[in-house]
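Undergrad: Have a look at this one.
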2 protein chains.
Amino acid sequence: MKFACTQLSLIKALSTVNKAVSTRTTIPVLKGILLNIKDNRLYLTASDLDLSIETSIDVQAESEGSLVVNAKLFEDIIRKLPSAIVKIEEVGGKLLISCLGSEFSIVTLPAEEFPSIGMVNELNKVVISKDIFKELIKRTSFAASLDEKKGSLTGCSITFNNNVLEIAALDGFRLAVAKENFNGPDRKVIIPAKILNEINKILSENESNEISLILDEKKAEIFIDETRVIVRLLEGEFIKYKDIIPSEYKTRVIVSVAEIQSAIERASLFAKEGKNNLIKLEIKDGNIEITSRSEEGNVKENVSAEIEGEDLTIGFNSKYLIDVFKVVNDDEVAIEMGSAVSACLIKPISGDNYLYLVLPVRISAN
Amino acid sequence: MKFACTQLSLIKALSTVNKAVSTRTTIPVLKGILLNIKDNRLYLTASDLDLSIETSIDVQAESEGSLVVNAKLFEDIIRKLPSAIVKIEEVGGKLLISCLGSEFSIVTLPAEEFPSIGMVNELNKVVISKDIFKELIKRTSFAASLDEKKGSLTGCSITFNNNVLEIAALDGFRLAVAKENFNGPDRKVIIPAKILNEINKILSENESNEISLILDEKKAEIFIDETRVIVRLLEGEFIKYKDIIPSEYKTRVIVSVAEIQSAIERASLFAKEGKNNLIKLEIKDGNIEITSRSEEGNVKENVSAEIEGEDLTIGFNSKYLIDVFKVVNDDEVAIEMGSAVSACLIKPISGDNYLYLVLPVRISAN
């Protein structure tokens with residue numbers, strides 16, 4: 001292996017793949033990046049087995065070859081080099097890196113030890129808008145469970161059905177669903193929510209407007225420009241969440257998202273985690289009164305709202321409401337409730353592009 | 001106590017004083033801010049006993065009074081309020097805060113429990129340029145010891161002598177000295193370095209170009225606009241650092257700060273803390289060759305330099321050199337060395353505005 005490229009192009013490729021480098025592993029090769037020179041291109045691959053990323057850049061190659069280098073050391077070196085041509089060569093199992101007055105020699109591992117990320121299966125490739133895919137993830141992934149023991153609840157369900165792409169996540173206390181129209185073959189997979197959040201970061205750093213998506217039996221692949229992202233799917237069945245969405249309500253509120261969000265954020269200053277972050281909403285006379293109290297004091301917030309149906313007093317974990325209002329882009333939303341002990345729905349005033357379900361917290365009678 | 005002011009002015013004042021709020025204390029009143037209304041001004045004071053900050057803003061006061069509120073809760077509330085008029089009133093030991101649709105009631109503590117920060121002693125007040133004072137701190141405070149057991153070595157020595165203001169810090173391995181001309185009475189104090197760094201942040205946030213400084217027996221006071229900062233001095237004698245500065249050299253190097261800084265930063269990627277961050281400098285033939293090695297690999301850096309006197313091979317803890325080159329603003333510096341085992345000096349090519357002394361690390365003969 002012997003090649004030359006600019007420091008800048010190498011840094012850019014390294015920042016793309018480094019998100020898949022294992023930081024906690026004890027397996028040395030998973031702390032590494034696979035470098036592979038082929039046809040005047042450098043392919044860089046990192047993998048923590050759940051998430052793998054491969055990207056490539058143009059280089060001037062004198063000879064081909066592949067090896068693994070420690071990702072952190074290699075990136076630290078390249079990042080600190082001046083913005084100039086970097087020459088890289090394998091000599092006797094060591095990687096020599098030179099750039100102007102700097103010469104580095106670092107140890108390598110054989111390419112054969114690196115896990116295979118598999119060939120691309122071009123069948124069933126769907127092209128979708130990057131921004132819409134990102135938005136669907138942002139609107140739902142926060143509702144997945146963070147508890148690793150919860151299996152498929154730590155993932156987002158991604159469904160293509162009748163040309164609708166729907167993403168859903170739930171953790172037992174709340175549910176988030178978002179969807180958009182897309183032409184594509186019917187498929188249904190579960191992807192870990194924390195990996196989807198990583199993917200959102202990768203997509204944000206890329207300027208391309210479109211991505212390609214392949215949903216396989218065991219893995220999902222996302223292609224954006226020169227970068228290929230491979231995710232190991234979560235196994236198991238996803239909860240049939242459509243069955244738990246109430247179809248009727250007794251109280252419906254239309255309210256400004258900005259106003260209720262900031263009122264709840266202020267009220268939550270007194271809502272303690274040990275007490276389920278409890279806030280109380282009293283809905284009547286065109287007004288939502290939000291109250292909370294702790295030993296440090298208490299708060300009363302008033303937000304005007306358009307109210308239809310019965311008056312209602314209902315308690316919530318403020319965190320679950322704030323999470324929803326943070327990702328809703330609309331000026332106003334509809335909140336539908338049945339009683340103080342049944343699930344509350346938050347949805348658009350018209351249409352059904354998103355839907356949130358939040359379970360209330362039981363409040364004492366005082 | 002009853003007054004009204006804008007949310008913005010209150011936030012600004014709170015961000016100034018909050019740097020003196022104790023975060024680790026178990027004494028409730030030190031987690032608080034003293035609010036005092038007098039002559040249509042609100043005075044805010046915070047103190048962790050070592051550092052105290054007082055500032056004031058104009059308010060519309062209906063009645064005077066003083067009390068203590070929890071700093072974090074009060075600031076969180078004010079920060080989350082809309083940008084509007086905030087009305088604040090004490091009623092029955094509670095502080096009522098109202099702003100548009102929001103009403104808060106928070107517990108308070110009596111003002112009498114708050115530590116007195118003392119009266120201002122206007123004698124010996126010196127007016128100096130904020131930027132120069134900040135620069136002197138930046139150039140020296142990093143060299144103070146972080147080890148709380150080291151007493152006066154955790155502080156910076158501040159000396160006014162013959163109309164020169166000199167700040168110095170040392171930790172047993174390196175020394176930093178910086179000075180500027182100023183008219184003022186002779187004084188000599190020691191201020192904790194970490195508090196000087198806090199003061200630099202406070203000064204950076206203020207737009208005023210001048211500060212006033214009072215160096216008392218037990219405390220230093222700094223005035224900037226409406227803000228008064230009081231620091232408890234460190235007791236004890238500061239080491240007579242002038243005695244340890246060598247007056248002769250055998251090797252003198254003039255080198256670009258940017259070039260040697262980035263070369264040492266790259267070389268230090270292989271310099272391990274367990275091994276004193278060791279890098280080796282070989283100074284000869286108009287070139288400094290910087291090398292370092294670990295089990296991960298090795299590095300060789302070349303920096304051209306103007307060399308006077310004997311060739312020299314010398315080892316350093318790379319961190320100590322990087323710390324110096326980070327704060328030197330000049331394009332080039334002079335490095336003066338006697339031998340591989342005697343202190344090295346880094347200073348301006350001409351003048352004596354700053355001086356750094358760094359002890360070398362003994363290297364094996366290979």
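By convention in this document, the chains of the structure tokens carry letters A, B, ... by their order, each chain's residues are numbered from 1, and ligands are numbered from 1 in the order they are shown.
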Quick one: residues within 7 Å of range 179-192 of chain A, only C-alpha atoms counted, chain neighbours fewer than 3 positions away excluded, as a PDB file with all heavy atoms, in the first residue's frame?
TA:
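Result file out.pdb:
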ATOM      1  N   ASN A 124     -34.393  -4.040  -4.156  1.00  0.00           N
ATOM      2  CA  ASN A 124     -35.283  -3.335  -3.213  1.00  0.00           C
ATOM      3  C   ASN A 124     -34.695  -2.029  -2.702  1.00  0.00           C
ATOM      4  O   ASN A 124     -34.991  -1.589  -1.606  1.00  0.00           O
ATOM      5  CB  ASN A 124     -35.616  -4.215  -2.006  1.00  0.00           C
ATOM      6  CG  ASN A 124     -36.356  -5.463  -2.405  1.00  0.00           C
ATOM      7  OD1 ASN A 124     -37.047  -5.458  -3.437  1.00  0.00           O
ATOM      8  ND2 ASN A 124     -36.207  -6.522  -1.633  1.00  0.00           N
ATOM      9  N   VAL A 126     -34.566   1.777  -2.256  1.00  0.00           N
ATOM     10  CA  VAL A 126     -35.558   2.854  -2.311  1.00  0.00           C
ATOM     11  C   VAL A 126     -34.825   4.175  -2.168  1.00  0.00           C
ATOM     12  O   VAL A 126     -33.987   4.321  -1.280  1.00  0.00           O
ATOM     13  CB  VAL A 126     -36.565   2.742  -1.143  1.00  0.00           C
ATOM     14  CG1 VAL A 126     -37.721   3.695  -1.349  1.00  0.00           C
ATOM     15  CG2 VAL A 126     -37.044   1.319  -0.988  1.00  0.00           C
ATOM     16  N   LEU A 136     -38.455  12.305  10.239  1.00  0.00           N
ATOM     17  CA  LEU A 136     -39.218  11.177  10.809  1.00  0.00           C
ATOM     18  C   LEU A 136     -38.487  10.576  12.009  1.00  0.00           C
ATOM     19  O   LEU A 136     -39.097  10.210  13.014  1.00  0.00           O
ATOM     20  CB  LEU A 136     -39.456  10.103   9.736  1.00  0.00           C
ATOM     21  CG  LEU A 136     -40.444  10.451   8.613  1.00  0.00           C
ATOM     22  CD1 LEU A 136     -40.500   9.313   7.588  1.00  0.00           C
ATOM     23  CD2 LEU A 136     -41.841  10.731   9.150  1.00  0.00           C
ATOM     24  N   THR A 154     -36.166  -0.775  22.487  1.00  0.00           N
ATOM     25  CA  THR A 154     -35.055   0.162  22.318  1.00  0.00           C
ATOM     26  C   THR A 154     -34.917   0.571  20.856  1.00  0.00           C
ATOM     27  O   THR A 154     -34.045   1.367  20.508  1.00  0.00           O
ATOM     28  CB  THR A 154     -33.716  -0.444  22.779  1.00  0.00           C
ATOM     29  OG1 THR A 154     -33.438  -1.596  21.955  1.00  0.00           O
ATOM     30  CG2 THR A 154     -33.761  -0.889  24.225  1.00  0.00           C
ATOM     31  N   GLY A 155     -35.777   0.021  20.005  1.00  0.00           N
ATOM     32  CA  GLY A 155     -35.667   0.305  18.576  1.00  0.00           C
ATOM     33  C   GLY A 155     -36.821   1.134  18.060  1.00  0.00           C
ATOM     34  O   GLY A 155     -37.803   1.379  18.759  1.00  0.00           O
ATOM     35  N   CYS A 156     -36.675   1.575  16.802  1.00  0.00           N
ATOM     36  CA  CYS A 156     -37.777   2.220  16.104  1.00  0.00           C
ATOM     37  C   CYS A 156     -38.288   1.223  15.071  1.00  0.00           C
ATOM     38  O   CYS A 156     -37.503   0.598  14.354  1.00  0.00           O
ATOM     39  CB  CYS A 156     -37.311   3.474  15.372  1.00  0.00           C
ATOM     40  SG  CYS A 156     -36.894   4.826  16.469  1.00  0.00           S
ATOM     41  N   SER A 157     -39.597   1.095  14.986  1.00  0.00           N
ATOM     42  CA  SER A 157     -40.204   0.277  13.941  1.00  0.00           C
ATOM     43  C   SER A 157     -40.246   1.116  12.665  1.00  0.00           C
ATOM     44  O   SER A 157     -40.709   2.258  12.675  1.00  0.00           O
ATOM     45  CB  SER A 157     -41.610  -0.112  14.388  1.00  0.00           C
ATOM     46  OG  SER A 157     -42.470  -0.185  13.284  1.00  0.00           O
ATOM     47  N   ILE A 158     -39.706   0.584  11.576  1.00  0.00           N
ATOM     48  CA  ILE A 158     -39.757   1.278  10.284  1.00  0.00           C
ATOM     49  C   ILE A 158     -40.569   0.413   9.327  1.00  0.00           C
ATOM     50  O   ILE A 158     -40.206  -0.731   9.065  1.00  0.00           O
ATOM     51  CB  ILE A 158     -38.346   1.532   9.722  1.00  0.00           C
ATOM     52  CG1 ILE A 158     -37.557   2.386  10.714  1.00  0.00           C
ATOM     53  CG2 ILE A 158     -38.412   2.193   8.351  1.00  0.00           C
ATOM     54  CD1 ILE A 158     -36.206   2.848  10.207  1.00  0.00           C
ATOM     55  N   THR A 159     -41.674   0.953   8.852  1.00  0.00           N
ATOM     56  CA  THR A 159     -42.576   0.178   8.010  1.00  0.00           C
ATOM     57  C   THR A 159     -42.822   0.886   6.682  1.00  0.00           C
ATOM     58  O   THR A 159     -43.158   2.071   6.666  1.00  0.00           O
ATOM     59  CB  THR A 159     -43.952   0.015   8.713  1.00  0.00           C
ATOM     60  OG1 THR A 159     -43.740  -0.315  10.075  1.00  0.00           O
ATOM     61  CG2 THR A 159     -44.781  -1.052   8.038  1.00  0.00           C
ATOM     62  N   PHE A 160     -42.597   0.167   5.579  1.00  0.00           N
ATOM     63  CA  PHE A 160     -43.103   0.609   4.280  1.00  0.00           C
ATOM     64  C   PHE A 160     -44.366  -0.189   4.028  1.00  0.00           C
ATOM     65  O   PHE A 160     -44.337  -1.415   3.997  1.00  0.00           O
ATOM     66  CB  PHE A 160     -42.110   0.287   3.154  1.00  0.00           C
ATOM     67  CG  PHE A 160     -41.012   1.286   3.000  1.00  0.00           C
ATOM     68  CD1 PHE A 160     -39.775   1.057   3.571  1.00  0.00           C
ATOM     69  CD2 PHE A 160     -41.220   2.446   2.277  1.00  0.00           C
ATOM     70  CE1 PHE A 160     -38.753   1.975   3.413  1.00  0.00           C
ATOM     71  CE2 PHE A 160     -40.198   3.369   2.118  1.00  0.00           C
ATOM     72  CZ  PHE A 160     -38.963   3.134   2.693  1.00  0.00           C
ATOM     73  N   ASN A 161     -45.492   0.479   3.862  1.00  0.00           N
ATOM     74  CA  ASN A 161     -46.747  -0.239   3.636  1.00  0.00           C
ATOM     75  C   ASN A 161     -47.644   0.607   2.740  1.00  0.00           C
ATOM     76  O   ASN A 161     -47.929   1.765   3.064  1.00  0.00           O
ATOM     77  CB  ASN A 161     -47.432  -0.520   4.978  1.00  0.00           C
ATOM     78  CG  ASN A 161     -48.621  -1.450   4.824  1.00  0.00           C
ATOM     79  OD1 ASN A 161     -48.659  -2.259   3.893  1.00  0.00           O
ATOM     80  ND2 ASN A 161     -49.587  -1.306   5.700  1.00  0.00           N
ATOM     81  N   ASN A 162     -48.065   0.052   1.610  1.00  0.00           N
ATOM     82  CA  ASN A 162     -48.912   0.791   0.664  1.00  0.00           C
ATOM     83  C   ASN A 162     -48.366   2.186   0.360  1.00  0.00           C
ATOM     84  O   ASN A 162     -49.088   3.180   0.399  1.00  0.00           O
ATOM     85  CB  ASN A 162     -50.336   0.920   1.211  1.00  0.00           C
ATOM     86  CG  ASN A 162     -51.083  -0.399   1.128  1.00  0.00           C
ATOM     87  OD1 ASN A 162     -50.831  -1.186   0.211  1.00  0.00           O
ATOM     88  ND2 ASN A 162     -51.968  -0.626   2.081  1.00  0.00           N
ATOM     89  N   ASN A 163     -47.043   2.241   0.097  1.00  0.00           N
ATOM     90  CA  ASN A 163     -46.391   3.499  -0.256  1.00  0.00           C
ATOM     91  C   ASN A 163     -46.438   4.566   0.828  1.00  0.00           C
ATOM     92  O   ASN A 163     -46.434   5.767   0.556  1.00  0.00           O
ATOM     93  CB  ASN A 163     -46.953   4.048  -1.573  1.00  0.00           C
ATOM     94  CG  ASN A 163     -46.636   3.109  -2.721  1.00  0.00           C
ATOM     95  OD1 ASN A 163     -45.556   2.488  -2.734  1.00  0.00           O
ATOM     96  ND2 ASN A 163     -47.553   2.973  -3.651  1.00  0.00           N
ATOM     97  N   VAL A 164     -46.509   4.119   2.070  1.00  0.00           N
ATOM     98  CA  VAL A 164     -46.355   5.030   3.206  1.00  0.00           C
ATOM     99  C   VAL A 164     -45.171   4.522   4.037  1.00  0.00           C
ATOM    100  O   VAL A 164     -45.069   3.332   4.320  1.00  0.00           O
ATOM    101  CB  VAL A 164     -47.623   5.075   4.082  1.00  0.00           C
ATOM    102  CG1 VAL A 164     -47.353   5.858   5.376  1.00  0.00           C
ATOM    103  CG2 VAL A 164     -48.779   5.702   3.314  1.00  0.00           C
ATOM    104  N   LEU A 165     -44.254   5.448   4.383  1.00  0.00           N
ATOM    105  CA  LEU A 165     -43.140   5.112   5.272  1.00  0.00           C
ATOM    106  C   LEU A 165     -43.516   5.589   6.668  1.00  0.00           C
ATOM    107  O   LEU A 165     -43.741   6.782   6.879  1.00  0.00           O
ATOM    108  CB  LEU A 165     -41.860   5.803   4.801  1.00  0.00           C
ATOM    109  CG  LEU A 165     -40.661   5.793   5.764  1.00  0.00           C
ATOM    110  CD1 LEU A 165     -40.255   4.373   6.134  1.00  0.00           C
ATOM    111  CD2 LEU A 165     -39.475   6.531   5.156  1.00  0.00           C
ATOM    112  N   GLU A 166     -43.597   4.668   7.629  1.00  0.00           N
ATOM    113  CA  GLU A 166     -44.014   5.036   8.989  1.00  0.00           C
ATOM    114  C   GLU A 166     -42.947   4.603   9.985  1.00  0.00           C
ATOM    115  O   GLU A 166     -42.489   3.466   9.948  1.00  0.00           O
ATOM    116  CB  GLU A 166     -45.356   4.358   9.312  1.00  0.00           C
ATOM    117  CG  GLU A 166     -45.873   4.674  10.710  1.00  0.00           C
ATOM    118  CD  GLU A 166     -47.341   4.268  10.885  1.00  0.00           C
ATOM    119  OE1 GLU A 166     -48.188   4.756  10.115  1.00  0.00           O
ATOM    120  OE2 GLU A 166     -47.618   3.471  11.791  1.00  0.00           O
ATOM    121  N   ILE A 167     -42.543   5.515  10.857  1.00  0.00           N
ATOM    122  CA  ILE A 167     -41.584   5.182  11.917  1.00  0.00           C
ATOM    123  C   ILE A 167     -42.300   5.339  13.251  1.00  0.00           C
ATOM    124  O   ILE A 167     -43.045   6.306  13.457  1.00  0.00           O
ATOM    125  CB  ILE A 167     -40.323   6.073  11.848  1.00  0.00           C
ATOM    126  CG1 ILE A 167     -39.662   5.956  10.460  1.00  0.00           C
ATOM    127  CG2 ILE A 167     -39.331   5.701  12.951  1.00  0.00           C
ATOM    128  CD1 ILE A 167     -38.271   6.542  10.348  1.00  0.00           C
ATOM    129  N   ILE A 195     -28.849   4.086  17.214  1.00  0.00           N
ATOM    130  CA  ILE A 195     -28.116   4.063  15.943  1.00  0.00           C
ATOM    131  C   ILE A 195     -28.797   4.991  14.938  1.00  0.00           C
ATOM    132  O   ILE A 195     -28.127   5.686  14.171  1.00  0.00           O
ATOM    133  CB  ILE A 195     -27.991   2.621  15.421  1.00  0.00           C
ATOM    134  CG1 ILE A 195     -27.044   1.851  16.357  1.00  0.00           C
ATOM    135  CG2 ILE A 195     -27.475   2.593  13.979  1.00  0.00           C
ATOM    136  CD1 ILE A 195     -26.678   0.470  15.912  1.00  0.00           C
ATOM    137  N   LEU A 196     -30.123   5.056  14.966  1.00  0.00           N
ATOM    138  CA  LEU A 196     -30.813   6.015  14.087  1.00  0.00           C
ATOM    139  C   LEU A 196     -30.383   7.448  14.413  1.00  0.00           C
ATOM    140  O   LEU A 196     -30.216   8.279  13.517  1.00  0.00           O
ATOM    141  CB  LEU A 196     -32.329   5.870  14.224  1.00  0.00           C
ATOM    142  CG  LEU A 196     -32.944   4.685  13.479  1.00  0.00           C
ATOM    143  CD1 LEU A 196     -34.445   4.610  13.764  1.00  0.00           C
ATOM    144  CD2 LEU A 196     -32.716   4.778  11.968  1.00  0.00           C
ATOM    145  N   LEU A 233     -30.131  -5.188  12.291  1.00  0.00           N
ATOM    146  CA  LEU A 233     -31.506  -4.992  12.755  1.00  0.00           C
ATOM    147  C   LEU A 233     -31.713  -5.620  14.126  1.00  0.00           C
ATOM    148  O   LEU A 233     -31.024  -6.567  14.498  1.00  0.00           O
ATOM    149  CB  LEU A 233     -32.493  -5.629  11.768  1.00  0.00           C
ATOM    150  CG  LEU A 233     -32.465  -5.081  10.343  1.00  0.00           C
ATOM    151  CD1 LEU A 233     -33.506  -5.802   9.489  1.00  0.00           C
ATOM    152  CD2 LEU A 233     -32.729  -3.584  10.336  1.00  0.00           C
ATOM    153  N   LEU A 234     -32.676  -5.087  14.878  1.00  0.00           N
ATOM    154  CA  LEU A 234     -33.100  -5.723  16.121  1.00  0.00           C
ATOM    155  C   LEU A 234     -34.034  -6.860  15.770  1.00  0.00           C
ATOM    156  O   LEU A 234     -34.885  -6.732  14.884  1.00  0.00           O
ATOM    157  CB  LEU A 234     -33.830  -4.722  17.008  1.00  0.00           C
ATOM    158  CG  LEU A 234     -32.957  -3.804  17.862  1.00  0.00           C
ATOM    159  CD1 LEU A 234     -33.835  -2.821  18.624  1.00  0.00           C
ATOM    160  CD2 LEU A 234     -32.102  -4.595  18.843  1.00  0.00           C
ATOM    161  N   ASN A 353     -49.863  13.234   9.975  1.00  0.00           N
ATOM    162  CA  ASN A 353     -48.432  13.006   9.754  1.00  0.00           C
ATOM    163  C   ASN A 353     -47.683  12.565  11.001  1.00  0.00           C
ATOM    164  O   ASN A 353     -46.622  11.966  10.903  1.00  0.00           O
ATOM    165  CB  ASN A 353     -47.768  14.257   9.192  1.00  0.00           C
ATOM    166  CG  ASN A 353     -47.865  14.298   7.688  1.00  0.00           C
ATOM    167  OD1 ASN A 353     -48.443  13.382   7.092  1.00  0.00           O
ATOM    168  ND2 ASN A 353     -47.315  15.325   7.077  1.00  0.00           N
ATOM    169  N   TYR A 354     -48.212  12.934  12.170  1.00  0.00           N
ATOM    170  CA  TYR A 354     -47.596  12.463  13.408  1.00  0.00           C
ATOM    171  C   TYR A 354     -48.669  12.263  14.459  1.00  0.00           C
ATOM    172  O   TYR A 354     -49.782  12.816  14.352  1.00  0.00           O
ATOM    173  CB  TYR A 354     -46.515  13.432  13.918  1.00  0.00           C
ATOM    174  CG  TYR A 354     -46.992  14.826  14.188  1.00  0.00           C
ATOM    175  CD1 TYR A 354     -47.567  15.163  15.413  1.00  0.00           C
ATOM    176  CD2 TYR A 354     -46.860  15.827  13.225  1.00  0.00           C
ATOM    177  CE1 TYR A 354     -48.003  16.445  15.668  1.00  0.00           C
ATOM    178  CE2 TYR A 354     -47.295  17.117  13.464  1.00  0.00           C
ATOM    179  CZ  TYR A 354     -47.865  17.427  14.691  1.00  0.00           C
ATOM    180  OH  TYR A 354     -48.304  18.699  14.945  1.00  0.00           O
TER     181      TYR A 354
END
Undergrad: Can I get the residues of chain B within 8 Å of chain A, each with the closest pair of atoms and their distance in Å to one decimal, using only C-alpha atoms, sorted chain first then ascending number, as a Markdown table?
TA:
| residue | atom | partner | partner_atom | distance |
| --- | --- | --- | --- | --- |
| B:Leu73 | CA | A:Leu269 | CA | 7.5 |
| B:Asp76 | CA | A:Leu269 | CA | 7.5 |
| B:Ile77 | CA | A:Arg266 | CA | 6.5 |
| B:Lys80 | CA | A:Arg266 | CA | 6.1 |
| B:Leu81 | CA | A:Arg266 | CA | 7.5 |
| B:Gly101 | CA | A:Asn302 | CA | 5.0 |
| B:Ser102 | CA | A:Glu301 | CA | 4.6 |
| B:Glu103 | CA | A:Lys300 | CA | 5.2 |
| B:Phe104 | CA | A:Val299 | CA | 4.4 |
| B:Ser105 | CA | A:Asn298 | CA | 5.3 |
| B:Ile106 | CA | A:Gly297 | CA | 4.1 |
| B:Val107 | CA | A:Glu296 | CA | 5.6 |
| B:Ser262 | CA | A:Lys80 | CA | 7.3 |
| B:Ala263 | CA | A:Ser102 | CA | 7.6 |
| B:Glu265 | CA | A:Lys80 | CA | 7.6 |
| B:Arg266 | CA | A:Lys80 | CA | 6.1 |
| B:Leu269 | CA | A:Ile77 | CA | 7.3 |
| B:Glu296 | CA | A:Val107 | CA | 5.6 |
| B:Gly297 | CA | A:Ile106 | CA | 4.1 |
| B:Asn298 | CA | A:Ser105 | CA | 5.3 |
| B:Val299 | CA | A:Phe104 | CA | 4.4 |
| B:Lys300 | CA | A:Glu103 | CA | 5.1 |
| B:Glu301 | CA | A:Ser102 | CA | 4.6 |
| B:Asn302 | CA | A:Gly101 | CA | 5.0 |
| B:Val303 | CA | A:Gly101 | CA | 7.0 |
Undergrad: Compile the contact shell of Ala334 in chain A as number ranges by chain: residues with an atom at most 9 Å away, counting only C-alpha atoms, same-chain residues fewer than 4 positions apart removed.
TA: A: 252-255, 345-350
Undergrad: Keeping only N, CA, C and O atoms, write the selected residues as a PDB file, in the first residue's frame.
TA:
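Output saved as out-v1.pdb:
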ATOM      1  N   ARG A 252     -61.033  18.087  23.974  1.00  0.00           N
ATOM      2  CA  ARG A 252     -60.067  18.362  22.915  1.00  0.00           C
ATOM      3  C   ARG A 252     -59.615  19.811  23.058  1.00  0.00           C
ATOM      4  O   ARG A 252     -60.437  20.722  23.206  1.00  0.00           O
ATOM      5  N   VAL A 253     -58.299  19.997  23.014  1.00  0.00           N
ATOM      6  CA  VAL A 253     -57.711  21.317  23.228  1.00  0.00           C
ATOM      7  C   VAL A 253     -56.874  21.670  22.015  1.00  0.00           C
ATOM      8  O   VAL A 253     -56.122  20.823  21.521  1.00  0.00           O
ATOM      9  N   ILE A 254     -57.013  22.912  21.529  1.00  0.00           N
ATOM     10  CA  ILE A 254     -56.075  23.384  20.502  1.00  0.00           C
ATOM     11  C   ILE A 254     -55.269  24.507  21.138  1.00  0.00           C
ATOM     12  O   ILE A 254     -55.832  25.444  21.720  1.00  0.00           O
ATOM     13  N   VAL A 255     -53.928  24.385  21.065  1.00  0.00           N
ATOM     14  CA  VAL A 255     -53.077  25.292  21.836  1.00  0.00           C
ATOM     15  C   VAL A 255     -51.812  25.618  21.051  1.00  0.00           C
ATOM     16  O   VAL A 255     -51.368  24.828  20.205  1.00  0.00           O
ATOM     17  N   LEU A 345     -53.715  12.014  23.566  1.00  0.00           N
ATOM     18  CA  LEU A 345     -53.127  12.044  22.222  1.00  0.00           C
ATOM     19  C   LEU A 345     -52.735  13.468  21.857  1.00  0.00           C
ATOM     20  O   LEU A 345     -53.490  14.408  22.112  1.00  0.00           O
ATOM     21  N   ILE A 346     -51.562  13.618  21.238  1.00  0.00           N
ATOM     22  CA  ILE A 346     -51.161  14.922  20.706  1.00  0.00           C
ATOM     23  C   ILE A 346     -50.971  14.730  19.211  1.00  0.00           C
ATOM     24  O   ILE A 346     -50.237  13.834  18.780  1.00  0.00           O
ATOM     25  N   LYS A 347     -51.673  15.533  18.380  1.00  0.00           N
ATOM     26  CA  LYS A 347     -51.619  15.329  16.933  1.00  0.00           C
ATOM     27  C   LYS A 347     -51.811  16.629  16.190  1.00  0.00           C
ATOM     28  O   LYS A 347     -52.174  17.651  16.796  1.00  0.00           O
ATOM     29  N   PRO A 348     -51.585  16.632  14.872  1.00  0.00           N
ATOM     30  CA  PRO A 348     -51.785  17.872  14.116  1.00  0.00           C
ATOM     31  C   PRO A 348     -53.258  18.265  14.144  1.00  0.00           C
ATOM     32  O   PRO A 348     -54.129  17.409  14.326  1.00  0.00           O
ATOM     33  N   ILE A 349     -53.544  19.552  13.959  1.00  0.00           N
ATOM     34  CA  ILE A 349     -54.936  19.999  13.928  1.00  0.00           C
ATOM     35  C   ILE A 349     -55.662  19.339  12.763  1.00  0.00           C
ATOM     36  O   ILE A 349     -56.821  18.975  12.860  1.00  0.00           O
ATOM     37  N   SER A 350     -54.962  19.191  11.639  1.00  0.00           N
ATOM     38  CA  SER A 350     -55.547  18.412  10.541  1.00  0.00           C
ATOM     39  C   SER A 350     -54.456  17.507   9.971  1.00  0.00           C
ATOM     40  O   SER A 350     -53.275  17.802  10.085  1.00  0.00           O
TER      41      SER A 350
END
Undergrad: Write out as a ChimeraX atom specification each polymer residue whose atoms come within 7 Å of range 35-42 of chain A, counting only C-alpha atoms; drop sequence neighbours fewer than 4 positions from it.
TA: /A:1,56-61,64-68
Undergrad: Give me the residues within 12 Å of Leu153 in chain A as number ranges by chain, counting only C-alpha atoms and dropping any in the same chain fewer than 4 places off.
TA: A: 141-149, 157, 168-176, 190-194, 234-241
Undergrad: Which residues, written as a list in words, have at least one atom at most 12 Å from Glu248 in chain B, with only C-alpha atoms counted and residues fewer than 3 positions away on the same chain left out?
TA: Ile244, Ile245, Thr251, Arg252, Gly309, Ile335, Glu336, Met337, Gly338, Ser339, Ser342, Ala343, Cys344 and Leu345 of chain B
Undergrad: Based on DSSP run over this structure's backbone, return all residues of range 109-297 of chain A in strand (DSSP E or B), as a PyMOL selection string.
TA: chain A and resi 109-110+126-129+155-161+164-170+174-181+187-192+210-215+219-224+227-232+251-256+278-284+287-294+297
